[in-house]
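Text of run-v3.txt, listed as compact mmCIF, C-alpha atoms:
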```txt
# COMPACT_ATOMS: atom_id res chain seq x y z
CA MET L 1 -19.89 5.90 15.11
CA ALA L 2 -18.25 3.11 13.08
CA MET L 3 -20.23 -0.05 12.41
CA ARG L 4 -18.28 -3.15 13.43
CA LEU L 5 -19.32 -6.44 11.88
CA SER L 6 -19.49 -9.13 14.55
CA PHE L 7 -18.69 -12.76 13.87
CA PRO L 8 -18.39 -15.74 16.24
CA THR L 9 -14.72 -16.05 17.04
CA THR L 10 -12.33 -17.07 19.78
CA HIS L 11 -9.87 -14.40 18.72
CA ARG L 12 -9.06 -11.94 21.46
CA ARG L 13 -7.91 -8.43 20.77
CA ILE L 14 -4.33 -7.59 21.59
CA PRO L 15 -3.98 -5.28 24.62
CA THR L 16 -3.95 -1.61 23.72
CA LEU L 17 -0.64 -0.35 22.35
CA PRO L 18 0.41 3.05 20.98
CA SER L 19 -1.46 4.07 17.83
CA PHE L 20 1.63 5.31 16.05
CA ALA L 21 5.11 3.96 15.63
CA SER L 22 8.26 5.49 14.24
CA PHE L 23 10.65 3.49 12.09
CA THR L 24 14.37 3.96 11.54
CA PRO L 25 16.57 1.33 9.80
CA ARG L 26 17.95 -1.16 12.37
CA ARG L 27 16.02 0.59 15.14
CA ARG L 28 12.41 0.61 16.30
CA ASN L 29 10.83 3.37 18.29
CA VAL L 30 7.21 3.46 19.37
CA ALA L 31 5.82 6.84 20.28
CA MET L 32 2.47 8.20 21.22
CA ALA L 33 1.02 10.80 18.93
CA SER L 34 -2.27 12.48 18.32
CA ALA L 35 -3.88 13.83 15.22
CA LYS L 36 -6.97 15.86 14.52
CA ARG L 37 -8.69 15.85 11.18
CA SER L 38 -11.66 17.75 9.86
CA PRO L 39 -14.75 15.52 9.93
CA LYS L 40 -16.07 16.92 6.64
CA ARG L 41 -17.08 14.39 4.01
CA LEU L 42 -15.05 14.40 0.81
CA LYS L 43 -16.71 15.22 -2.50
CA TYR L 44 -15.73 13.38 -5.63
CA SER L 45 -16.83 13.17 -9.24
CA THR L 46 -19.04 10.48 -10.73
CA PRO L 47 -18.88 7.58 -11.28
CA ARG L 48 -18.42 7.04 -7.58
CA PHE L 49 -18.87 4.52 -4.82
CA SER L 50 -22.39 4.77 -3.43
CA LYS L 51 -22.16 4.48 0.32
CA GLU L 52 -25.14 2.74 1.93
CA GLY L 53 -24.47 2.86 5.64
CA GLU L 54 -21.70 3.65 8.07
CA PHE L 55 -17.96 3.08 8.16
CA VAL L 56 -17.23 -0.67 8.43
CA SER L 57 -14.61 -2.34 10.64
CA ILE L 58 -14.02 -6.09 10.39
CA GLU L 59 -11.83 -7.93 12.90
CA VAL L 60 -10.06 -10.95 11.40
CA ASP L 61 -7.52 -13.39 12.77
CA PRO L 62 -4.08 -12.36 11.42
CA SER L 63 -3.43 -15.98 10.38
CA GLY L 64 -6.31 -15.85 7.91
CA ALA L 65 -8.09 -18.77 9.58
CA ASP L 66 -11.39 -16.90 9.33
CA SER L 67 -10.73 -15.10 6.04
CA TRP L 68 -14.35 -15.72 5.01
CA LYS L 69 -15.11 -12.60 7.03
CA LEU L 70 -13.39 -10.60 4.29
CA GLU L 71 -16.21 -11.13 1.77
CA PRO L 72 -17.95 -7.79 2.56
CA VAL L 73 -14.64 -5.94 2.12
CA ILE L 74 -13.98 -7.63 -1.22
CA GLU L 75 -17.41 -6.58 -2.47
CA LEU L 76 -16.84 -3.02 -1.28
CA LEU L 77 -13.55 -2.83 -3.18
CA LYS L 78 -15.22 -4.10 -6.35
CA GLN L 79 -17.79 -1.31 -5.98
CA GLY L 80 -15.10 1.38 -5.71
CA ALA L 81 -14.58 1.69 -1.96
CA VAL L 82 -11.38 2.96 -0.32
CA GLY L 83 -10.24 1.16 2.80
CA VAL L 84 -7.36 -0.03 4.96
CA ILE L 85 -5.94 -3.57 4.97
CA PRO L 86 -2.95 -5.18 6.66
CA THR L 87 0.20 -6.17 4.76
CA ASP L 88 3.35 -7.99 5.82
CA THR L 89 4.82 -4.61 6.75
CA VAL L 90 2.46 -1.76 7.80
CA TYR L 91 -1.22 -1.06 7.19
CA ALA L 92 -2.08 0.29 3.73
CA ILE L 93 -4.86 2.44 2.31
CA VAL L 94 -6.05 0.65 -0.84
CA CYS L 95 -8.51 0.80 -3.74
CA ASP L 96 -9.11 -0.80 -7.13
CA CYS L 97 -6.36 0.38 -9.49
CA LYS L 98 -8.80 0.49 -12.42
CA ASN L 99 -11.41 2.63 -10.70
CA HIS L 100 -10.46 6.25 -11.42
CA SER L 101 -12.92 7.70 -8.94
CA ALA L 102 -11.57 5.46 -6.17
CA VAL L 103 -7.97 6.45 -6.94
CA GLU L 104 -8.89 10.13 -6.74
CA ARG L 105 -10.67 9.54 -3.44
CA LEU L 106 -7.63 7.72 -2.05
CA ARG L 107 -5.40 10.66 -2.97
CA ARG L 108 -7.80 13.09 -1.29
CA ILE L 109 -8.14 11.03 1.87
CA LYS L 110 -4.36 10.66 2.19
CA LYS L 111 -3.78 14.20 0.87
CA ILE L 112 -1.44 13.00 -1.90
CA GLU L 113 -0.89 15.34 -4.84
CA SER L 114 -1.74 14.03 -8.31
CA SER L 115 1.94 14.30 -9.29
CA LYS L 116 3.09 11.92 -6.54
CA PRO L 117 3.63 8.21 -7.28
CA LEU L 118 1.66 5.39 -5.68
CA SER L 119 2.40 1.67 -5.43
CA ILE L 120 0.38 -1.40 -6.42
CA LEU L 121 -0.23 -4.57 -4.44
CA CYS L 122 -0.01 -7.46 -6.88
CA ARG L 123 -1.39 -10.97 -6.68
CA SER L 124 1.57 -12.64 -8.40
CA LEU L 125 4.56 -12.14 -10.68
CA ARG L 126 2.10 -12.36 -13.58
CA ASP L 127 0.53 -9.08 -12.42
CA ILE L 128 3.96 -7.46 -12.37
CA ASP L 129 4.61 -8.63 -15.93
CA THR L 130 1.22 -7.27 -17.00
CA TYR L 131 1.25 -3.86 -15.38
CA THR L 132 4.98 -3.04 -15.69
CA MET L 133 7.76 -3.57 -18.22
CA GLY L 134 9.15 -6.26 -15.90
CA PHE L 135 12.47 -6.91 -14.23
CA PRO L 136 15.83 -6.77 -16.05
CA ARG L 137 16.59 -10.28 -17.31
CA GLY L 138 20.11 -9.81 -18.70
CA ASP L 139 21.17 -9.39 -22.31
CA GLY L 140 24.51 -11.15 -22.57
CA HIS L 141 26.36 -7.82 -22.59
CA GLY L 142 27.23 -7.50 -18.93
CA HIS L 143 23.73 -6.69 -17.64
CA ALA L 144 22.84 -9.14 -14.89
CA ASN L 145 19.69 -11.22 -14.88
CA VAL L 146 18.26 -10.13 -11.53
CA PHE L 147 14.84 -11.64 -12.18
CA ARG L 148 15.95 -14.96 -10.72
CA ALA L 149 17.15 -13.22 -7.57
CA VAL L 150 13.95 -11.18 -7.26
CA LYS L 151 11.80 -14.32 -7.40
CA GLN L 152 13.48 -15.45 -4.18
CA CYS L 153 12.31 -12.22 -2.46
CA LEU L 154 8.63 -12.41 -3.37
CA PRO L 155 6.24 -12.58 -1.74
CA GLY L 156 8.02 -10.49 0.85
CA PRO L 157 8.64 -7.08 2.44
CA TYR L 158 10.03 -5.35 -0.65
CA THR L 159 8.80 -2.61 -2.98
CA PHE L 160 10.43 -2.74 -6.40
CA ILE L 161 10.35 0.34 -8.64
CA LEU L 162 9.67 -0.56 -12.27
CA THR L 163 8.53 1.20 -15.42
CA ALA L 164 4.75 1.07 -15.78
CA SER L 165 3.27 -0.61 -18.85
CA LYS L 166 0.31 0.63 -20.88
CA GLU L 167 -1.95 -1.78 -18.99
CA LEU L 168 -1.66 0.28 -15.81
CA PRO L 169 -3.95 3.32 -15.91
CA LYS L 170 -1.88 6.50 -16.06
CA GLN L 171 -3.76 7.85 -13.09
CA CYS L 172 -2.18 5.15 -10.94
CA VAL L 173 1.31 6.46 -11.56
CA GLY L 174 0.20 10.00 -10.77
CA TYR L 175 0.73 13.03 -12.96
CA GLY L 176 -2.94 13.78 -13.45
CA THR L 177 -6.57 13.22 -12.50
CA THR L 178 -9.74 13.22 -14.61
CA SER L 179 -9.57 17.01 -14.72
CA VAL L 180 -5.83 17.34 -15.38
CA LYS L 181 -4.04 16.33 -18.55
CA TYR L 182 -1.89 13.25 -18.09
CA ALA L 183 1.86 13.56 -18.41
CA SER L 184 4.16 10.91 -19.89
CA ARG L 185 4.11 7.45 -18.33
CA LYS L 186 6.34 7.07 -15.28
CA ASN L 187 7.51 4.43 -12.84
CA VAL L 188 5.48 2.56 -10.24
CA GLY L 189 6.29 0.66 -7.06
CA VAL L 190 5.15 -2.99 -6.99
CA ARG L 191 4.60 -5.25 -4.00
CA ILE L 192 3.60 -8.87 -3.43
CA SER L 193 2.77 -9.02 0.25
CA ASP L 194 3.43 -12.14 2.31
CA ASP L 195 0.36 -11.59 4.50
CA ALA L 196 -2.52 -14.07 4.67
CA LEU L 197 -5.26 -11.43 4.86
CA CYS L 198 -3.80 -9.25 2.12
CA GLN L 199 -3.37 -12.24 -0.20
CA ALA L 200 -6.91 -13.48 0.46
CA ILE L 201 -8.31 -10.11 -0.60
CA LEU L 202 -6.13 -9.81 -3.69
CA LEU L 203 -6.87 -13.33 -4.94
CA ALA L 204 -10.59 -12.52 -4.94
CA LEU L 205 -10.10 -9.49 -7.21
CA ASP L 206 -9.36 -9.22 -10.93
CA ALA L 207 -6.68 -6.51 -10.71
CA PRO L 208 -4.02 -5.19 -8.31
CA LEU L 209 -4.82 -2.67 -5.61
CA ILE L 210 -3.40 0.82 -5.45
CA CYS L 211 -1.78 1.23 -2.05
CA THR L 212 -0.15 3.83 0.16
CA SER L 213 1.04 3.54 3.74
CA VAL L 214 -0.98 4.80 6.70
CA LYS L 215 1.43 7.32 8.14
CA GLY L 216 1.30 9.50 11.22
CA ALA L 217 1.86 13.24 11.42
CA LYS L 218 5.64 12.96 11.78
CA GLU L 219 8.27 11.78 9.31
CA ASN L 220 9.01 8.03 9.45
CA GLU L 221 5.97 7.47 11.67
CA TRP L 222 3.36 4.83 10.83
CA MET L 223 -0.04 4.17 12.33
CA ILE L 224 -0.09 0.58 13.61
CA ASP L 225 -3.43 0.39 15.47
CA PRO L 226 -6.41 -0.26 13.13
CA THR L 227 -8.86 1.23 15.61
CA ALA L 228 -6.98 4.52 15.68
CA ILE L 229 -6.74 4.45 11.87
CA GLY L 230 -10.52 4.19 11.62
CA ASP L 231 -11.04 6.98 14.14
CA ILE L 232 -8.84 9.37 12.17
CA TYR L 233 -9.49 8.44 8.53
CA GLY L 234 -13.15 7.38 8.83
CA PRO L 235 -14.36 11.00 9.03
CA GLU L 236 -12.07 11.84 6.09
CA GLY L 237 -13.96 9.48 3.76
CA LEU L 238 -12.49 6.04 4.44
CA ASP L 239 -15.06 3.27 3.89
CA PHE L 240 -13.65 0.33 5.86
CA VAL L 241 -10.79 -1.06 7.94
CA VAL L 242 -9.71 -4.70 8.12
CA ASP L 243 -8.50 -5.16 11.69
CA GLY L 244 -5.68 -7.70 11.68
CA GLY L 245 -4.28 -6.61 15.03
CA VAL L 246 -1.67 -4.06 16.02
CA ARG L 247 1.37 -4.28 13.75
CA VAL L 248 5.07 -3.51 14.11
CA ALA L 249 6.28 -0.33 12.41
CA GLU L 250 8.51 -1.86 9.75
CA PRO L 251 7.89 -0.54 6.22
CA SER L 252 9.13 -2.36 3.15
CA THR L 253 12.62 -2.06 1.70
CA ILE L 254 12.38 -0.05 -1.54
CA VAL L 255 14.64 -1.04 -4.45
CA ASP L 256 14.81 0.99 -7.68
CA MET L 257 15.11 -1.39 -10.66
CA THR L 258 14.91 1.26 -13.39
CA GLY L 259 18.60 2.14 -13.48
CA PRO L 260 21.74 0.23 -14.49
CA TYR L 261 21.74 -1.66 -11.16
CA PRO L 262 19.28 -2.42 -8.33
CA LYS L 263 19.56 0.54 -5.97
CA VAL L 264 18.18 0.57 -2.43
CA ILE L 265 16.43 3.87 -1.75
CA ARG L 266 14.96 2.89 1.62
CA GLU L 267 16.10 0.15 3.97
CA GLY L 268 13.17 -1.46 5.76
CA LYS L 269 11.98 -4.88 6.84
CA GLY L 270 13.43 -6.69 3.84
CA PRO L 271 17.13 -7.58 4.29
CA ILE L 272 19.69 -5.92 1.99
CA LEU L 273 20.89 -8.69 -0.33
CA PRO L 274 24.30 -8.96 -2.02
CA TRP L 275 22.97 -7.99 -5.46
CA MET L 276 21.45 -4.74 -4.13
CA VAL L 277 23.45 -1.50 -4.06
CA VAL L 278 23.07 1.00 -1.21
CA GLU L 279 23.78 4.68 -1.89
CA ASP L 280 23.42 6.99 1.09
CA ASP L 281 23.60 10.17 -0.98
CA ASP L 282 20.47 9.50 -3.03
CA ASP L 283 18.19 12.47 -2.34
CA SER L 284 16.13 12.43 -5.53
CA LEU L 285 12.50 13.55 -5.66
CA LEU L 286 11.50 9.99 -6.61
CA ARG L 287 13.14 8.68 -3.47
CA GLN L 288 11.46 11.27 -1.28
CA ASP L 289 8.02 10.64 -2.80
CA LEU L 290 8.23 6.86 -2.58
CA ILE L 291 9.51 6.88 0.98
CA ALA L 292 6.61 9.17 1.90
CA SER L 293 3.92 6.89 0.45
CA GLY L 294 5.40 3.40 0.26
CA THR L 295 4.19 0.54 2.45
```

Mind turning this structure into structure tokens?
Amino acid sequence: MAMRLSFPTTHRRIPTLPSFASFTPRRRNVAMASAKRSPKRLKYSTPRFSKEGEFVSIEVDPSGADSWKLEPVIELLKQGAVGVIPTDTVYAIVCDCKNHSAVERLRRIKKIESSKPLSILCRSLRDIDTYTMGFPRGDGHGHANVFRAVKQCLPGPYTFILTASKELPKQCVGYGTTSVKYASRKNVGVRISDDALCQAILLALDAPLICTSVKGAKENEWMIDPTAIGDIYGPEGLDFVVDGGVRVAEPSTIVDMTGPYPKVIREGKGPILPWMVVEDDDDSLLRQDLIASGT
């Protein structure tokens, strides 16, 4: 049984809603779903997070008014734990991007192949400049400076695809684990979430968090109830859940910034802006992978 940390609070839990929600651009559908997972504990290589106790669930006011309750979660993340936190879109499974063992555990819990890309939750634009090659800034030869436009979107419900820099561990962009030879450096999705709880956690850490969405069994279906998330992923090896209430199933809008122009590869919560290009016929593997894992 999960251990819930109790704190004095006047916050009341939202009445029970469906545990899963399906998302389609410009349309919301909430559907009931069930999932069964094997309760076996995952095995992972050392160094690893040493678990002293049961699965932890912490209920926090979504406004962040009692964000001091997040201190145990912050310490767990620093030790290499893998858990679930809210964002300004859907709930995300996260871990320290510099902890290789934690990243491997996250992939195993979510059942993500080592070749599939993940995203990072950043604290600020400085993190994006550090861990990626940055946004196109124009060169005077017809290439637009979109950096100024992007700054107006962040923090916000967007995932921008950029080329990873050498500062980001190769394991974070996929294409290998500690037992598989790394391939060439690839792209990574970056997010700066406009969520009080997510920001409070990130600001207490010294590096971004690897993140992937908490999806249901069906395509375009997200788990929106933190209690249900804990019930399903706790037995799979998840260490904690930050309960910020039931969320709406609206994932981020994904924009690929690695090409000649900003291309929308998934329309989500973030509005499509005039400088973004929408192509309905994009069916690339990158698009499929990022839509599958992006928050």

Quiz item: Closest to Pro86 (chain L) among L:Glu167, L:Asp243, L:Glu54, L:Glu236, using only C-alpha atoms?
Solution: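 Looking only at the distances to Pro86 (chain L), the closest residue turns out to be L:Asp243.
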
Exercise. Mind checking which residues fall within 7 Å of region 106-109 of chain L, counting only C-alpha atoms, ignoring those fewer than 2 positions away in the same chain, and posting them as a PyMOL selection string?
Key: chain L and resi 82+102-104+111-113+236-237

Exercise. Have a look at CA of Pro208 (chain L) and CA of Gly80 (chain L) and let me know their distance in Å, one decimal.
Key: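 Result for CA of Pro208 (chain L) versus CA of Gly80 (chain L): 13.1 Å, one decimal.
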
Quiz item: Which value, in Å to one decimal, gives the distance between CA of Val248 (chain L) and CA of Asp194 (chain L)?
Solution: 14.7 Å

Practice problem: Excluding Thr89 (chain L) and any residue of its chain fewer than 5 positions from it, enumerate the residues within 8 Å of it, using only C-alpha atoms, and give them as a VMD selection string. | Solution: chain L and resid 157 247 to 252 269 295

Practice problem: Could you check how far CA of Gln79 (chain L) sits from CA of Ser57 (chain L), in Å to one decimal? | Solution: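 Atom-to-atom, CA of Gln79 (chain L) to CA of Ser57 (chain L), that is 17.0 Å.
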
List as a compact mmCIF listing (two decimals) with C-alpha atoms, in the frame of the given file: which residues have an atom within 6 Å of (20.0, 4.4, -4.4), counting only C-alpha atoms?
```
# COMPACT_ATOMS: atom_id res chain seq x y z
CA LYS L 263 19.56 0.54 -5.97
CA VAL L 264 18.18 0.57 -2.43
CA ILE L 265 16.43 3.87 -1.75
CA VAL L 278 23.07 1.00 -1.21
CA GLU L 279 23.78 4.68 -1.89
CA ASP L 282 20.47 9.50 -3.03
```

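Residues with any atom within 8 Å of Asp61 (chain L), counting only C-alpha atoms and excluding same-chain neighbours fewer than 4 positions away, are His11, Ala65, Asp66, Ser67, Gly244 and Gly245 of chain L.
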
Practice problem: Between L:Leu203, L:Val214, L:Val146, L:Val242, single out the one closest to Pro260 (chain L), counting only C-alpha atoms. | Solution: L:Val146

Self-check item: Residue list as a ChimeraX atom specification for point (-12.8, -2.1, 6.4), cut-off 8 Å, all atoms listed in the file
Solution: /L:55-58,73,83-85,239-243

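Of the residues listed (L:Gly189, L:Gly259, L:Gly268, L:Pro169), L:Pro169 shows the shortest atom-to-atom separation from Asp96 (chain L); distances use all atoms listed in the file.
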
Selecting C-alpha atoms, how would region 71-109 of chain L from this structure be written as a compact mmCIF listing (two decimals), in the first residue's frame?
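And here's part_11.txt as it stands now:
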```
# COMPACT_ATOMS: atom_id res chain seq x y z
CA GLU L 71 10.97 19.00 0.06
CA PRO L 72 10.87 15.17 0.43
CA VAL L 73 10.30 14.81 -3.32
CA ILE L 74 13.20 17.12 -4.13
CA GLU L 75 15.51 15.05 -1.93
CA LEU L 76 14.30 11.83 -3.55
CA LEU L 77 15.07 13.21 -7.02
CA LYS L 78 18.56 14.23 -5.92
CA GLN L 79 19.11 10.65 -4.74
CA GLY L 80 18.08 9.18 -8.10
CA ALA L 81 14.37 8.51 -7.64
CA VAL L 82 11.84 8.30 -10.48
CA GLY L 83 8.46 9.90 -9.87
CA VAL L 84 5.47 11.74 -11.28
CA ILE L 85 4.91 15.51 -11.06
CA PRO L 86 2.31 17.85 -12.54
CA THR L 87 3.08 20.24 -15.39
CA ASP L 88 1.02 22.94 -17.09
CA THR L 89 -0.23 20.26 -19.50
CA VAL L 90 -0.39 16.61 -18.32
CA TYR L 91 1.38 14.67 -15.57
CA ALA L 92 4.97 13.64 -16.35
CA ILE L 93 7.26 10.85 -15.20
CA VAL L 94 10.57 12.52 -14.31
CA CYS L 95 14.10 11.91 -13.04
CA ASP L 96 17.46 13.66 -12.81
CA CYS L 97 18.86 14.00 -16.34
CA LYS L 98 22.42 13.42 -15.07
CA ASN L 99 21.67 10.21 -13.21
CA HIS L 100 22.17 7.38 -15.72
CA SER L 101 20.64 4.74 -13.48
CA ALA L 102 17.52 6.87 -12.97
CA VAL L 103 17.13 7.46 -16.71
CA GLU L 104 17.35 3.71 -17.36
CA ARG L 105 14.76 3.06 -14.66
CA LEU L 106 12.43 5.66 -16.17
CA ARG L 107 12.69 3.97 -19.57
CA ARG L 108 11.93 0.58 -18.01
CA ILE L 109 8.97 1.84 -15.99
```
